[in-house]
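Colleague: Structure file my_file-v8.pdb, PDB, C-alpha atoms, is pasted below:
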```
ATOM      1  CA  MET Y   5     -14.702 -17.978 -22.819
ATOM      2  CA  THR Y   6     -11.396 -16.787 -24.231
ATOM      3  CA  ALA Y   7      -8.112 -17.348 -22.427
ATOM      4  CA  GLY Y   8      -7.536 -13.609 -21.918
ATOM      5  CA  ARG Y   9     -10.968 -13.124 -20.456
ATOM      6  CA  HIS Y  10     -10.537 -16.116 -18.148
ATOM      7  CA  ARG Y  11      -7.132 -14.880 -16.997
ATOM      8  CA  TRP Y  12      -8.556 -11.407 -16.289
ATOM      9  CA  ARG Y  13     -11.332 -12.921 -14.225
ATOM     10  CA  GLN Y  14      -8.803 -14.899 -12.185
ATOM     11  CA  GLN Y  15      -6.702 -11.791 -11.629
ATOM     12  CA  TRP Y  16      -9.761  -9.784 -10.602
ATOM     13  CA  TRP Y  17     -10.575 -12.296  -7.873
ATOM     14  CA  ALA Y  18      -6.962 -12.281  -6.686
ATOM     15  CA  TRP Y  19      -6.958  -8.469  -6.398
ATOM     16  CA  SER Y  20     -10.312  -8.522  -4.615
ATOM     17  CA  LEU Y  21      -9.063 -11.138  -2.174
ATOM     18  CA  MET Y  22      -5.916  -9.099  -1.551
ATOM     19  CA  ALA Y  23      -8.014  -5.998  -0.841
ATOM     20  CA  VAL Y  24     -10.123  -7.922   1.682
ATOM     21  CA  VAL Y  25      -6.991  -9.256   3.399
ATOM     22  CA  VAL Y  26      -5.425  -5.776   3.617
ATOM     23  CA  ALA Y  27      -8.657  -4.233   4.931
ATOM     24  CA  THR Y  28      -8.967  -6.992   7.534
ATOM     25  CA  ALA Y  29      -5.343  -6.546   8.623
ATOM     26  CA  LEU Y  30      -5.848  -2.794   8.991
ATOM     27  CA  TRP Y  31      -9.039  -3.319  10.948
ATOM     28  CA  LEU Y  32      -7.361  -5.788  13.322
ATOM     29  CA  SER Y  33      -4.336  -3.543  13.821
ATOM     30  CA  ILE Y  34      -6.410  -0.755  15.367
ATOM     31  CA  ASP Y  35      -5.491  -0.610  19.031
ATOM     32  CA  THR Y  36      -8.711  -0.060  20.960
ATOM     33  CA  THR Y  37      -7.507  -1.354  24.311
ATOM     34  CA  PRO Y  38      -7.557   1.418  26.922
ATOM     35  CA  ARG Y  39      -4.223   2.244  28.497
ATOM     36  CA  THR Y  40      -3.774   3.113  32.137
ATOM     37  CA  GLY Y  41      -1.045   4.633  34.269
ATOM     38  CA  VAL Y  42       0.482   8.059  34.716
ATOM     39  CA  ASP Y  43       3.414   9.103  32.542
ATOM     40  CA  ASP Y  44       4.421  11.830  30.124
ATOM     41  CA  SER Y  45       4.176   9.674  27.005
ATOM     42  CA  ARG Y  46       0.592   8.727  27.815
ATOM     43  CA  ARG Y  47      -0.345  12.376  28.522
ATOM     44  CA  TYR Y  48       1.286  13.396  25.223
ATOM     45  CA  ALA Y  49      -0.587  10.648  23.334
ATOM     46  CA  ILE Y  50      -3.913  11.815  24.758
ATOM     47  CA  ALA Y  51      -3.094  15.514  24.236
ATOM     48  CA  THR Y  52      -2.295  14.898  20.549
ATOM     49  CA  GLN Y  53      -5.866  13.680  20.103
ATOM     50  CA  LEU Y  54      -7.375  16.900  21.468
ATOM     51  CA  LYS Y  55      -7.701  20.156  19.548
ATOM     52  CA  CYS Y  56      -6.643  23.401  21.169
ATOM     53  CA  LEU Y  57      -9.777  25.530  21.122
ATOM     54  CA  GLN Y  58      -7.779  28.785  21.245
ATOM     55  CA  CYS Y  59      -5.338  27.903  18.441
ATOM     56  CA  VAL Y  60      -5.915  27.229  14.784
ATOM     57  CA  GLY Y  61      -4.835  23.758  13.682
ATOM     58  CA  GLU Y  62      -2.834  22.857  16.814
ATOM     59  CA  SER Y  63      -3.259  20.006  19.213
ATOM     60  CA  VAL Y  64      -3.259  20.439  22.967
ATOM     61  CA  ALA Y  65       0.152  18.732  23.015
ATOM     62  CA  ALA Y  66       1.726  21.310  20.672
ATOM     63  CA  SER Y  67       0.043  24.454  21.989
ATOM     64  CA  GLN Y  68       1.302  26.695  24.785
ATOM     65  CA  SER Y  69      -1.972  28.603  25.180
ATOM     66  CA  PRO Y  70      -3.444  28.876  28.691
ATOM     67  CA  LEU Y  71      -6.374  26.628  27.697
ATOM     68  CA  ALA Y  72      -4.027  23.932  26.380
ATOM     69  CA  VAL Y  73      -2.047  24.041  29.639
ATOM     70  CA  GLN Y  74      -5.326  23.624  31.563
ATOM     71  CA  PHE Y  75      -6.271  20.681  29.311
ATOM     72  CA  ARG Y  76      -2.927  18.981  30.029
ATOM     73  CA  GLU Y  77      -3.394  19.537  33.769
ATOM     74  CA  GLU Y  78      -6.880  18.021  33.518
ATOM     75  CA  ILE Y  79      -5.458  15.044  31.619
ATOM     76  CA  ASP Y  80      -2.925  14.531  34.448
ATOM     77  CA  ALA Y  81      -5.700  14.701  37.055
ATOM     78  CA  GLN Y  82      -7.838  12.216  35.136
ATOM     79  CA  MET Y  83      -4.882   9.820  34.771
ATOM     80  CA  ARG Y  84      -4.207  10.012  38.540
ATOM     81  CA  GLN Y  85      -7.868   9.075  39.115
ATOM     82  CA  GLY Y  86      -7.232   5.893  37.131
ATOM     83  CA  ARG Y  87      -9.320   6.786  34.064
ATOM     84  CA  THR Y  88      -8.614   5.103  30.739
ATOM     85  CA  ASP Y  89      -7.704   6.997  27.576
ATOM     86  CA  ASP Y  90     -11.206   6.524  26.206
ATOM     87  CA  GLU Y  91     -12.768   7.822  29.420
ATOM     88  CA  ILE Y  92     -10.537  10.910  29.379
ATOM     89  CA  LEU Y  93     -11.352  11.668  25.740
ATOM     90  CA  ALA Y  94     -15.059  11.116  26.463
ATOM     91  CA  PHE Y  95     -14.813  13.601  29.362
ATOM     92  CA  PHE Y  96     -13.424  16.297  27.073
ATOM     93  CA  SER Y  97     -15.899  15.593  24.266
ATOM     94  CA  GLN Y  98     -18.843  15.725  26.703
ATOM     95  CA  ARG Y  99     -17.612  18.952  28.220
ATOM     96  CA  TYR Y 100     -16.491  20.769  25.039
ATOM     97  CA  GLY Y 101     -18.303  18.896  22.265
ATOM     98  CA  GLN Y 102     -17.095  16.503  19.558
ATOM     99  CA  GLU Y 103     -15.138  19.302  17.836
ATOM    100  CA  VAL Y 104     -12.479  19.081  20.578
ATOM    101  CA  LEU Y 105     -11.419  15.687  19.188
ATOM    102  CA  LEU Y 106      -8.896  15.823  16.345
ATOM    103  CA  SER Y 107      -9.849  12.326  15.155
ATOM    104  CA  PRO Y 108     -13.496  11.545  14.577
ATOM    105  CA  PRO Y 109     -14.811   8.631  16.633
ATOM    106  CA  SER Y 110     -14.579   5.202  15.027
ATOM    107  CA  SER Y 111     -18.097   4.229  16.078
ATOM    108  CA  GLY Y 112     -21.558   5.553  15.367
ATOM    109  CA  LEU Y 113     -21.952   8.334  12.831
ATOM    110  CA  GLY Y 114     -18.255   9.238  13.097
ATOM    111  CA  SER Y 115     -17.343   5.853  11.617
ATOM    112  CA  LEU Y 116     -18.573   7.132   8.246
ATOM    113  CA  VAL Y 117     -15.510   9.386   8.092
ATOM    114  CA  TRP Y 118     -13.336   6.263   8.148
ATOM    115  CA  ILE Y 119     -15.522   3.998   6.004
ATOM    116  CA  VAL Y 120     -16.693   6.279   3.160
ATOM    117  CA  PRO Y 121     -13.220   6.984   1.692
ATOM    118  CA  VAL Y 122     -12.357   3.274   1.668
ATOM    119  CA  VAL Y 123     -15.649   2.397   0.007
ATOM    120  CA  ALA Y 124     -15.216   5.223  -2.533
ATOM    121  CA  VAL Y 125     -11.714   4.071  -3.495
ATOM    122  CA  ALA Y 126     -12.869   0.445  -3.768
ATOM    123  CA  ALA Y 127     -15.868   1.451  -5.908
ATOM    124  CA  ALA Y 128     -13.634   3.568  -8.156
ATOM    125  CA  GLY Y 129     -11.215   0.659  -8.568
ATOM    126  CA  LEU Y 130     -14.017  -1.745  -9.442
ATOM    127  CA  GLY Y 131     -15.489   0.806 -11.852
ATOM    128  CA  LEU Y 132     -12.140   1.215 -13.601
ATOM    129  CA  ALA Y 133     -11.624  -2.538 -13.786
ATOM    130  CA  SER Y 134     -15.108  -2.978 -15.242
ATOM    131  CA  THR Y 135     -14.577  -0.193 -17.777
ATOM    132  CA  PHE Y 136     -11.188  -1.510 -18.898
ATOM    133  CA  GLY Y 137     -12.636  -5.009 -19.215
ATOM    134  CA  ARG Y 138     -15.516  -3.729 -21.334
ATOM    135  CA  TRP Y 139     -13.117  -1.750 -23.544
ATOM    136  CA  ARG Y 140     -10.971  -4.838 -24.018
ATOM    137  CA  ARG Y 141     -14.027  -6.900 -25.006
ATOM    138  CA  GLU Y 142     -15.206  -4.195 -27.415
ATOM    139  CA  VAL Y 143     -11.826  -3.962 -29.119
ATOM    140  CA  GLY Y 144     -11.743  -7.729 -29.552
ATOM    141  CA  ALA Y 145     -15.311  -7.749 -30.882
ATOM    142  CA  ARG Y 146     -14.574  -5.117 -33.535
ATOM    143  CA  SER Y 147     -11.839  -6.997 -35.358
ATOM    144  CA  THR Y 148     -13.195  -8.831 -38.389
ATOM    145  CA  GLU Y 149     -11.923 -11.823 -40.281
ATOM    146  CA  ASP Y 150     -10.509  -9.438 -42.897
ATOM    147  CA  ASP Y 151      -8.565  -7.626 -40.170
ATOM    148  CA  ARG Y 152      -7.099 -10.867 -38.858
ATOM    149  CA  GLU Y 153      -6.190 -11.999 -42.382
ATOM    150  CA  LEU Y 154      -4.480  -8.684 -43.106
ATOM    151  CA  VAL Y 155      -2.392  -8.990 -39.929
ATOM    152  CA  ALA Y 156      -1.506 -12.605 -40.723
ATOM    153  CA  ARG Y 157      -0.461 -11.665 -44.267
ATOM    154  CA  ALA Y 158       1.704  -8.807 -42.959
ATOM    155  CA  LEU Y 159       3.369 -11.135 -40.463
ATOM    156  CA  ARG Y 160       4.011 -13.765 -43.164
ATOM    157  CA  HIS Y 161       5.418 -11.065 -45.415
ATOM    158  CA  ARG Y 162       7.710  -9.769 -42.676
ATOM    159  CA  ASP Y 163       9.022 -13.236 -41.858
ATOM    160  CA  ALA Y 164       9.310 -14.430 -45.475
ATOM    161  CA  PRO Y 165      12.773 -15.712 -46.500
ATOM    162  CA  GLY Y 166      14.630 -13.377 -48.848
ATOM    163  CA  ASP Y 167      12.974 -10.289 -47.372
ATOM    164  CA  ASP Y 168      15.585  -7.604 -47.081
ATOM    165  CA  GLY Y 169      13.379  -5.455 -44.875
ATOM    166  CA  PRO Y 170      11.864  -2.100 -45.747
ATOM    167  CA  GLY Y 171      12.847  -0.856 -49.196
ATOM    168  CA  GLY Y 172      14.582  -4.149 -50.062
ATOM    169  CA  GLU Y 173      13.624  -6.713 -52.635
ATOM    170  CA  SER Y 174      10.954  -9.148 -51.574
ATOM    171  CA  ALA Y 175       9.054 -11.988 -53.190
ATOM    172  CA  ASP Y 176       5.752 -10.074 -52.946
ATOM    173  CA  ARG Y 177       6.837  -7.192 -55.188
ATOM    174  CA  THR Y 178       5.788  -8.940 -58.351
ATOM    175  CA  GLY Y 179       2.181  -8.114 -57.601
ATOM    176  CA  SER Y 180       1.131 -11.489 -56.309
TER     177      SER Y 180
END
```
Could you render the structure as structure tokens?
Modeller:
Amino acid sequence: MTAGRHRWRQQWWAWSLMAVVVATALWLSIDTTPRTGVDDSRRYAIATQLKCLQCVGESVAASQSPLAVQFREEIDAQMRQGRTDDEILAFFSQRYGQEVLLSPPSSGLGSLVWIVPVVAVAAAGLGLASTFGRWRREVGARSTEDDRELVARALRHRDAPGDDGPGGESADRTGS
């Protein structure tokens, strides 16, 4: 195995390990613990996860439509009953369907929305790495002994003492 090939293989494993570490860190950073209590910041956080069904592209938190106001009042009522964020979101999704949620669920079939892009990017990266590695091997395999000798002769000629550079006098001009 050549040194370049061995070095590439070591680097490939390092990049793969780094990708696993980053993916694990992202996975662990997801806050799935339900929050409780009654305050405006919690209501706003829940309302930003719900889509206003009367508006195009607006969350319940940003909309001033009558339905959005009713949703916020319902969120307040649910919080006063001691429901968790997940329970409140589940209430709305059961009542109005999954399309009321701005973020797809991170479990079940909805988890594909989160997993497929990561897998696609990883597969594309591995495909590119494989292709570049194959190209590098093919380029190295195509050079012949004559090619290497020609390069070595050119390098010797360039570094020869008495060479004045391009257009200057050199020892190789005599036809040797």
Colleague: Could you spell out the hits of the PyMOL selection byres ((chain Y and resi 55) around 9) on the shown file, as a ChimeraX atom specification?
Modeller: /Y:51-54,56-65,72,103-106
Colleague: Have a look at atom CA of Trp118 of chain Y and atom CA of Val25 of chain Y and let me know their distance in Å, one decimal.
Modeller: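 About the pair atom CA of Trp118 of chain Y and atom CA of Val25 of chain Y: they are 17.4 Å apart.
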Colleague: May I ask for the distance between atom CA of Ser97 of chain Y and atom CA of Val120 of chain Y, given in Å to one decimal place?
Modeller: 23.1 Å
Colleague: Using the chain letters and residue numbers of this document, give as a ChimeraX atom specification the residues selected by the PyMOL selection byres ((chain Y and resi 77) around 12).
Modeller: /Y:44,47-48,50-51,64-65,70-76,78-84
Colleague: Would you save the residues from that selection as a compact mmCIF listing (two decimals), in the frame of the given file, using C-alpha atoms?
Modeller:
```txt
# COMPACT_ATOMS: atom_id res chain seq x y z
CA ASP Y 44 4.42 11.83 30.12
CA ARG Y 47 -0.34 12.38 28.52
CA TYR Y 48 1.29 13.40 25.22
CA ILE Y 50 -3.91 11.82 24.76
CA ALA Y 51 -3.09 15.51 24.24
CA VAL Y 64 -3.26 20.44 22.97
CA ALA Y 65 0.15 18.73 23.02
CA PRO Y 70 -3.44 28.88 28.69
CA LEU Y 71 -6.37 26.63 27.70
CA ALA Y 72 -4.03 23.93 26.38
CA VAL Y 73 -2.05 24.04 29.64
CA GLN Y 74 -5.33 23.62 31.56
CA PHE Y 75 -6.27 20.68 29.31
CA ARG Y 76 -2.93 18.98 30.03
CA GLU Y 78 -6.88 18.02 33.52
CA ILE Y 79 -5.46 15.04 31.62
CA ASP Y 80 -2.92 14.53 34.45
CA ALA Y 81 -5.70 14.70 37.06
CA GLN Y 82 -7.84 12.22 35.14
CA MET Y 83 -4.88 9.82 34.77
CA ARG Y 84 -4.21 10.01 38.54
```
Colleague: Report the distance between atom CA of Gly129 of chain Y and atom CA of Ser20 of chain Y in Å, rounded to one decimal place.
Modeller: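 If I compute the distance from atom CA of Gly129 of chain Y to atom CA of Ser20 of chain Y, I get 10.0 Å.
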Colleague: Save N, CA and C atoms of segment 117-167 of chain Y from the block above as a compact mmCIF listing (two decimals), in the first residue's frame.
Modeller:
```
# COMPACT_ATOMS: atom_id res chain seq x y z
N VAL Y 117 -38.35 12.61 8.18
CA VAL Y 117 -38.08 13.97 7.74
C VAL Y 117 -36.75 14.46 8.33
N TRP Y 118 -36.42 14.00 9.51
CA TRP Y 118 -35.17 14.42 10.16
C TRP Y 118 -34.01 13.53 9.75
N ILE Y 119 -34.26 12.27 9.50
CA ILE Y 119 -33.18 11.31 9.26
C ILE Y 119 -32.74 11.28 7.79
N VAL Y 120 -33.68 11.33 6.86
CA VAL Y 120 -33.36 11.18 5.43
C VAL Y 120 -32.36 12.23 4.94
N PRO Y 121 -32.52 13.51 5.27
CA PRO Y 121 -31.52 14.48 4.79
C PRO Y 121 -30.11 14.20 5.32
N VAL Y 122 -30.01 13.79 6.57
CA VAL Y 122 -28.70 13.50 7.15
C VAL Y 122 -28.08 12.30 6.44
N VAL Y 123 -28.87 11.27 6.21
CA VAL Y 123 -28.37 10.09 5.53
C VAL Y 123 -27.98 10.43 4.08
N ALA Y 124 -28.77 11.26 3.42
CA ALA Y 124 -28.47 11.64 2.03
C ALA Y 124 -27.16 12.42 1.96
N VAL Y 125 -26.95 13.35 2.87
CA VAL Y 125 -25.70 14.13 2.86
C VAL Y 125 -24.51 13.22 3.17
N ALA Y 126 -24.67 12.32 4.14
CA ALA Y 126 -23.58 11.39 4.46
C ALA Y 126 -23.27 10.48 3.27
N ALA Y 127 -24.30 9.96 2.61
CA ALA Y 127 -24.08 9.10 1.46
C ALA Y 127 -23.40 9.86 0.32
N ALA Y 128 -23.81 11.12 0.11
CA ALA Y 128 -23.18 11.93 -0.94
C ALA Y 128 -21.71 12.17 -0.60
N GLY Y 129 -21.42 12.45 0.65
CA GLY Y 129 -20.03 12.67 1.06
C GLY Y 129 -19.18 11.42 0.87
N LEU Y 130 -19.72 10.27 1.26
CA LEU Y 130 -18.99 9.02 1.06
C LEU Y 130 -18.82 8.71 -0.42
N GLY Y 131 -19.85 8.99 -1.21
CA GLY Y 131 -19.74 8.77 -2.66
C GLY Y 131 -18.66 9.65 -3.28
N LEU Y 132 -18.61 10.92 -2.88
CA LEU Y 132 -17.58 11.81 -3.38
C LEU Y 132 -16.19 11.35 -2.96
N ALA Y 133 -16.06 10.96 -1.69
CA ALA Y 133 -14.76 10.49 -1.21
C ALA Y 133 -14.32 9.25 -1.98
N SER Y 134 -15.25 8.35 -2.22
CA SER Y 134 -14.93 7.13 -2.98
C SER Y 134 -14.52 7.47 -4.41
N THR Y 135 -15.27 8.37 -5.03
CA THR Y 135 -14.96 8.76 -6.42
C THR Y 135 -13.61 9.44 -6.52
N PHE Y 136 -13.33 10.38 -5.62
CA PHE Y 136 -12.03 11.06 -5.64
C PHE Y 136 -10.89 10.08 -5.39
N GLY Y 137 -11.11 9.14 -4.48
CA GLY Y 137 -10.08 8.12 -4.23
C GLY Y 137 -9.82 7.26 -5.44
N ARG Y 138 -10.89 6.87 -6.13
CA ARG Y 138 -10.73 6.06 -7.35
C ARG Y 138 -10.01 6.84 -8.43
N TRP Y 139 -10.37 8.13 -8.60
CA TRP Y 139 -9.70 8.97 -9.59
C TRP Y 139 -8.21 9.08 -9.27
N ARG Y 140 -7.90 9.25 -8.00
CA ARG Y 140 -6.49 9.38 -7.60
C ARG Y 140 -5.73 8.09 -7.92
N ARG Y 141 -6.37 6.94 -7.66
CA ARG Y 141 -5.71 5.66 -7.95
C ARG Y 141 -5.53 5.48 -9.45
N GLU Y 142 -6.54 5.89 -10.24
CA GLU Y 142 -6.45 5.75 -11.69
C GLU Y 142 -5.36 6.63 -12.27
N VAL Y 143 -5.23 7.84 -11.77
CA VAL Y 143 -4.19 8.74 -12.27
C VAL Y 143 -2.82 8.15 -11.95
N GLY Y 144 -2.65 7.63 -10.76
CA GLY Y 144 -1.37 7.02 -10.39
C GLY Y 144 -1.09 5.77 -11.21
N ALA Y 145 -2.12 5.02 -11.57
CA ALA Y 145 -1.94 3.78 -12.33
C ALA Y 145 -1.59 4.06 -13.78
N ARG Y 146 -1.95 5.21 -14.31
CA ARG Y 146 -1.71 5.51 -15.71
C ARG Y 146 -0.29 5.95 -16.01
N SER Y 147 0.42 6.46 -15.04
CA SER Y 147 1.78 6.93 -15.32
C SER Y 147 2.68 5.72 -15.55
N THR Y 148 3.48 5.80 -16.60
CA THR Y 148 4.38 4.69 -16.95
C THR Y 148 5.79 5.03 -16.51
N GLU Y 149 6.65 4.07 -16.67
CA GLU Y 149 8.07 4.30 -16.34
C GLU Y 149 8.65 5.40 -17.22
N ASP Y 150 8.24 5.44 -18.49
CA ASP Y 150 8.70 6.51 -19.38
C ASP Y 150 8.26 7.88 -18.87
N ASP Y 151 7.03 7.96 -18.37
CA ASP Y 151 6.54 9.23 -17.83
C ASP Y 151 7.39 9.68 -16.64
N ARG Y 152 7.66 8.73 -15.74
CA ARG Y 152 8.45 9.08 -14.55
C ARG Y 152 9.87 9.48 -14.94
N GLU Y 153 10.43 8.81 -15.93
CA GLU Y 153 11.79 9.14 -16.38
C GLU Y 153 11.81 10.53 -17.02
N LEU Y 154 10.81 10.85 -17.80
CA LEU Y 154 10.72 12.16 -18.43
C LEU Y 154 10.65 13.27 -17.37
N VAL Y 155 9.85 13.06 -16.34
CA VAL Y 155 9.74 14.05 -15.26
C VAL Y 155 11.07 14.17 -14.53
N ALA Y 156 11.72 13.05 -14.24
CA ALA Y 156 13.00 13.08 -13.54
C ALA Y 156 14.06 13.81 -14.38
N ARG Y 157 14.09 13.56 -15.68
CA ARG Y 157 15.03 14.23 -16.55
C ARG Y 157 14.78 15.75 -16.58
N ALA Y 158 13.51 16.14 -16.64
CA ALA Y 158 13.17 17.56 -16.65
C ALA Y 158 13.59 18.21 -15.34
N LEU Y 159 13.39 17.52 -14.23
CA LEU Y 159 13.79 18.08 -12.94
C LEU Y 159 15.32 18.20 -12.84
N ARG Y 160 16.03 17.18 -13.34
CA ARG Y 160 17.51 17.25 -13.33
C ARG Y 160 17.98 18.40 -14.20
N HIS Y 161 17.34 18.56 -15.35
CA HIS Y 161 17.69 19.63 -16.27
C HIS Y 161 17.45 21.00 -15.64
N ARG Y 162 16.35 21.13 -14.95
CA ARG Y 162 16.01 22.42 -14.32
C ARG Y 162 17.01 22.77 -13.22
N ASP Y 163 17.43 21.75 -12.47
CA ASP Y 163 18.32 22.00 -11.34
C ASP Y 163 19.79 21.87 -11.69
N ALA Y 164 20.12 21.66 -12.96
CA ALA Y 164 21.51 21.47 -13.36
C ALA Y 164 22.31 22.76 -13.16
N PRO Y 165 23.56 22.66 -12.67
CA PRO Y 165 24.39 23.86 -12.51
C PRO Y 165 24.71 24.45 -13.88
N GLY Y 166 24.76 25.77 -13.95
CA GLY Y 166 25.06 26.45 -15.21
C GLY Y 166 23.83 26.70 -16.04
N ASP Y 167 22.67 26.29 -15.56
CA ASP Y 167 21.42 26.53 -16.29
C ASP Y 167 20.99 27.96 -16.04
```
